[in-house]
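run.txt, holding compact mmCIF, C-alpha atoms:
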```txt
# COMPACT_ATOMS: atom_id res chain seq x y z
CA MET A 65 0.00 0.00 0.00
CA PHE A 66 2.85 2.38 0.83
CA GLU A 67 4.46 1.83 -2.57
CA LEU A 68 1.15 2.38 -4.36
CA ALA A 69 0.64 5.64 -2.48
CA HIS A 70 4.16 6.91 -3.22
CA THR A 71 4.81 5.77 -6.80
CA ASP A 72 3.54 7.24 -10.03
CA GLN A 73 1.66 4.38 -11.67
CA LEU A 74 2.61 5.28 -15.25
CA THR A 75 6.31 6.10 -15.00
CA ASN A 76 7.15 4.03 -11.92
CA VAL A 77 9.06 6.92 -10.34
CA PRO A 78 8.22 8.51 -6.99
CA ASN A 79 5.19 10.83 -6.99
CA ARG A 80 4.60 14.24 -5.41
CA ARG A 81 3.76 12.74 -2.00
CA ALA A 82 7.00 10.73 -2.00
CA LEU A 83 8.98 13.80 -3.09
CA PHE A 84 7.79 15.89 -0.14
CA ALA A 85 8.37 13.03 2.31
CA LYS A 86 11.91 12.44 0.97
CA PHE A 87 12.76 16.16 1.07
CA ASN A 88 11.61 16.44 4.69
CA GLN A 89 13.58 13.31 5.61
CA LEU A 90 16.75 14.59 3.94
CA GLN A 91 16.39 18.04 5.45
CA SER A 92 15.93 16.74 8.99
CA ASN A 93 18.62 14.04 8.79
CA HIS A 94 21.51 16.18 7.50
CA GLU A 95 22.93 19.11 9.49
CA GLU A 96 24.73 20.50 6.45
CA PHE A 97 21.88 19.80 4.03
CA SER A 98 21.97 21.58 0.70
CA CYS A 99 20.32 20.89 -2.61
CA ILE A 100 19.26 22.22 -5.96
CA VAL A 101 15.65 21.78 -7.06
CA SER A 102 15.00 21.58 -10.80
CA LEU A 103 11.41 21.81 -11.95
CA ILE A 104 11.27 20.10 -15.35
CA ASP A 105 8.46 20.43 -17.87
CA LEU A 106 8.45 18.54 -21.17
CA ASP A 107 8.23 20.95 -24.10
CA HIS A 108 5.18 20.86 -26.36
CA PHE A 109 3.76 17.81 -24.59
CA LYS A 110 0.17 18.69 -25.56
CA ARG A 111 1.23 18.36 -29.19
CA PHE A 112 2.27 14.73 -28.60
CA ASN A 113 -1.16 13.91 -27.19
CA ASP A 114 -3.10 15.91 -29.75
CA SER A 115 -1.17 14.66 -32.78
CA PHE A 116 -0.62 11.02 -31.85
CA GLY A 117 -3.02 10.19 -29.00
CA HIS A 118 -2.72 9.76 -25.27
CA ASP A 119 -1.08 6.34 -25.54
CA PHE A 120 1.83 7.98 -27.37
CA GLY A 121 1.90 10.78 -24.79
CA ASP A 122 2.16 8.13 -22.08
CA GLN A 123 5.04 6.52 -24.01
CA VAL A 124 6.82 9.90 -24.06
CA LEU A 125 6.46 10.24 -20.28
CA VAL A 126 7.68 6.69 -19.64
CA THR A 127 10.64 7.11 -21.99
CA PHE A 128 11.64 10.41 -20.39
CA ALA A 129 11.36 9.05 -16.83
CA LYS A 130 13.47 6.01 -17.73
CA HIS A 131 16.07 8.24 -19.38
CA VAL A 132 16.37 10.41 -16.27
CA LYS A 133 16.52 7.41 -13.91
CA ASP A 134 19.29 5.91 -16.06
CA SER A 135 21.16 9.25 -16.09
CA ILE A 136 21.23 10.16 -12.39
CA ASP A 137 23.15 8.80 -9.43
CA ASP A 138 22.37 8.41 -5.75
CA THR A 139 22.98 12.13 -5.06
CA CYS A 140 19.72 12.81 -6.92
CA TYR A 141 16.05 12.21 -6.26
CA PHE A 142 13.63 12.27 -9.19
CA ALA A 143 9.84 12.39 -9.05
CA ARG A 144 6.83 13.07 -11.22
CA LEU A 145 4.71 15.92 -9.93
CA GLY A 146 1.89 15.36 -12.39
CA GLY A 147 1.15 15.70 -16.08
CA GLU A 148 4.40 16.40 -17.92
CA GLU A 149 6.02 18.03 -14.87
CA PHE A 150 8.87 16.41 -12.95
CA CYS A 151 11.23 17.42 -10.17
CA LEU A 152 14.90 16.60 -9.78
CA ILE A 153 16.56 17.25 -6.43
CA GLN A 154 20.35 17.13 -6.47
CA ILE A 155 21.66 16.76 -2.94
CA ASN A 156 24.77 18.21 -1.28
CA ILE A 157 26.81 19.13 -4.34
CA LYS A 158 27.91 22.51 -5.65
CA ASP A 159 25.34 24.77 -7.33
CA THR A 160 27.29 25.13 -10.56
CA PHE A 161 27.77 21.37 -10.86
CA CYS A 162 24.04 20.79 -10.30
CA PHE A 163 23.15 23.33 -12.96
CA ALA A 164 25.57 21.63 -15.36
CA ASN A 165 23.98 18.25 -14.56
CA THR A 166 20.53 19.57 -15.49
CA GLU A 167 21.97 21.11 -18.68
CA LYS A 168 23.63 17.79 -19.57
CA LEU A 169 20.34 15.98 -18.94
CA LEU A 170 18.64 18.40 -21.35
CA GLN A 171 21.26 17.75 -24.03
CA THR A 172 20.98 13.97 -23.72
CA THR A 173 17.17 14.19 -23.72
CA LYS A 174 17.35 16.01 -27.07
CA THR A 175 19.07 12.94 -28.57
CA ILE A 176 16.08 10.68 -27.84
CA LYS A 177 14.09 9.77 -30.92
CA LEU A 178 10.64 8.24 -30.55
CA MET A 179 8.81 6.31 -33.24
CA THR A 180 5.35 7.84 -33.67
CA PRO A 181 2.24 5.81 -34.58
CA ASP A 182 2.66 7.04 -38.19
CA ASN A 183 6.23 5.63 -38.24
CA SER A 184 8.08 8.92 -38.16
CA ASN A 185 10.76 9.88 -35.67
CA ILE A 186 10.17 12.70 -33.25
CA GLY A 187 12.43 14.21 -30.62
CA MET A 188 11.76 15.64 -27.20
CA SER A 189 13.15 18.36 -24.99
CA PHE A 190 12.32 20.05 -21.73
CA SER A 191 12.51 23.38 -20.03
CA ALA A 192 13.65 23.64 -16.43
CA GLY A 193 13.71 26.17 -13.65
CA VAL A 194 16.32 25.78 -10.92
CA ALA A 195 16.21 26.99 -7.31
CA VAL A 196 18.97 26.76 -4.70
CA TYR A 197 18.26 25.63 -1.15
CA GLY A 198 18.99 28.39 1.36
CA LYS A 199 19.28 31.11 -1.27
CA ASP A 200 15.88 30.69 -2.94
CA GLY A 201 14.00 29.07 -0.06
CA ILE A 202 14.26 26.41 2.61
CA SER A 203 10.96 24.60 2.23
CA LEU A 204 10.21 22.47 -0.79
CA ASP A 205 7.13 24.61 -1.47
CA GLU A 206 9.29 27.77 -1.65
CA LEU A 207 11.89 26.08 -3.83
CA LEU A 208 9.30 24.68 -6.23
CA ASN A 209 7.55 28.05 -6.40
CA ASN A 210 10.79 29.84 -7.28
CA ALA A 211 11.89 27.10 -9.68
CA ASP A 212 8.48 27.50 -11.35
CA LYS A 213 9.15 31.22 -11.85
CA ALA A 214 12.46 30.36 -13.53
CA LEU A 215 10.70 27.67 -15.59
CA TYR A 216 8.23 30.26 -16.82
CA ILE A 217 11.16 32.41 -18.03
CA ALA A 218 12.66 29.37 -19.80
CA LYS A 219 9.35 28.75 -21.58
CA GLU A 220 8.97 32.44 -22.48
CA ASN A 221 12.45 32.53 -24.00
CA GLY A 222 12.13 29.71 -26.47
CA ARG A 223 11.96 26.53 -24.36
CA SER A 224 14.55 23.76 -24.34
CA ARG A 225 16.68 25.54 -21.74
CA VAL A 226 17.57 25.56 -18.05
CA VAL A 227 17.13 28.84 -16.16
CA LYS A 228 18.26 29.64 -12.60
CA PHE A 229 15.91 31.57 -10.34
CA GLU A 230 17.34 35.05 -9.94
CA GLY A 231 15.05 36.44 -7.25
CA VAL A 232 12.29 38.95 -7.58
```

What is this file in structure tokens?
Amino acid sequence: MFELAHTDQLTNVPNRRALFAKFNQLQSNHEEFSCIVSLIDLDHFKRFNDSFGHDFGDQVLVTFAKHVKDSIDDTCYFARLGGEEFCLIQINIKDTFCFANTEKLLQTTKTIKLMTPDNSNIGMSFSAGVAVYGKDGISLDELLNNADKALYIAKENGRSRVVKFEGV
């Protein structure tokens, strides 16, 4: 029952509930806790569903989640928040390295080619907003809110990019 309540059924990654529980656990168990929160949103996801159907959209989500799981190590925690929105928490490593990790993930995601139902190849990308623990907030709600503001800027400026939150 616990696993069902904490796992996204489609992608088999932790869900929003699990993300908040893990963040609280990490925060309370580490005196020198630090992290970077990346809010990731797949670009033009509605187009996948509208053009090729929801089964194909589900395939896109599953493929992306598997790619991220295969690309991260144990200093990261990855979860699906809902829809085409995911969160990557990178724990206790330098801000610049975390940002570079998210950038690298974007570049490798762009190399994925999916076979559509009409037998054509289509690529995927994402936009991400990044918030730094301590600087941009200390609760996960604050960090996600500020990462969302940076994500909005990434989307406004052409998508397929990673943007750091720069404050208000």

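Each of A:Leu207, A:Leu170, A:Ala218, A:Leu74 was checked against A:Asp119 using all atoms listed in the file; the smallest atom-to-atom distance is that of A:Leu74.
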
What gap, in Å, lies between atom CA of A:Ser224 and atom CA of A:Phe190?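 For atom CA of A:Ser224 relative to atom CA of A:Phe190, the distance reads 5.1 Å.
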
Kindly indicate which residue among A:Ser203, A:Asn79, A:Asn113, A:Ser184 lies nearest to A:Gln91, using only C-alpha atoms for the distances. A:Ser203

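Atom CA of A:Phe112 to atom CA of A:Asp205 spans 29.3 Å [interatomic distance, one decimal].
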
Between atom CA of A:Lys174 and atom CA of A:Ala211, what is the distance in Å, rounded to a tenth? 21.3 Å

Set the distance at 12 Å and use all atoms listed in the file: which residues neighbour A:Asp182 once local chain neighbours fewer than 4 positions away are removed? I'd like the list as a PDB file with C-alpha atoms, in the frame of the given file.
```pdb
ATOM      1  CA  SER A 115      -1.170  14.660 -32.780  1.00  0.00           C
ATOM      2  CA  PHE A 116      -0.620  11.020 -31.850  1.00  0.00           C
ATOM      3  CA  GLY A 117      -3.020  10.190 -29.000  1.00  0.00           C
ATOM      4  CA  PHE A 120       1.830   7.980 -27.370  1.00  0.00           C
ATOM      5  CA  LEU A 178      10.640   8.240 -30.550  1.00  0.00           C
ATOM      6  CA  ILE A 186      10.170  12.700 -33.250  1.00  0.00           C
TER       7      ILE A 186
END
```

A:Ala164 surroundings by only C-alpha atoms, 12 Å radius, close-in-sequence under 6 positions cut, as a list of chain:residue names: A:Ile100, A:Ser102, A:Gln154, A:Ile157, A:Lys158, A:Leu170, A:Gln171, A:Val194, A:Arg225, A:Val226, A:Val227, A:Lys228
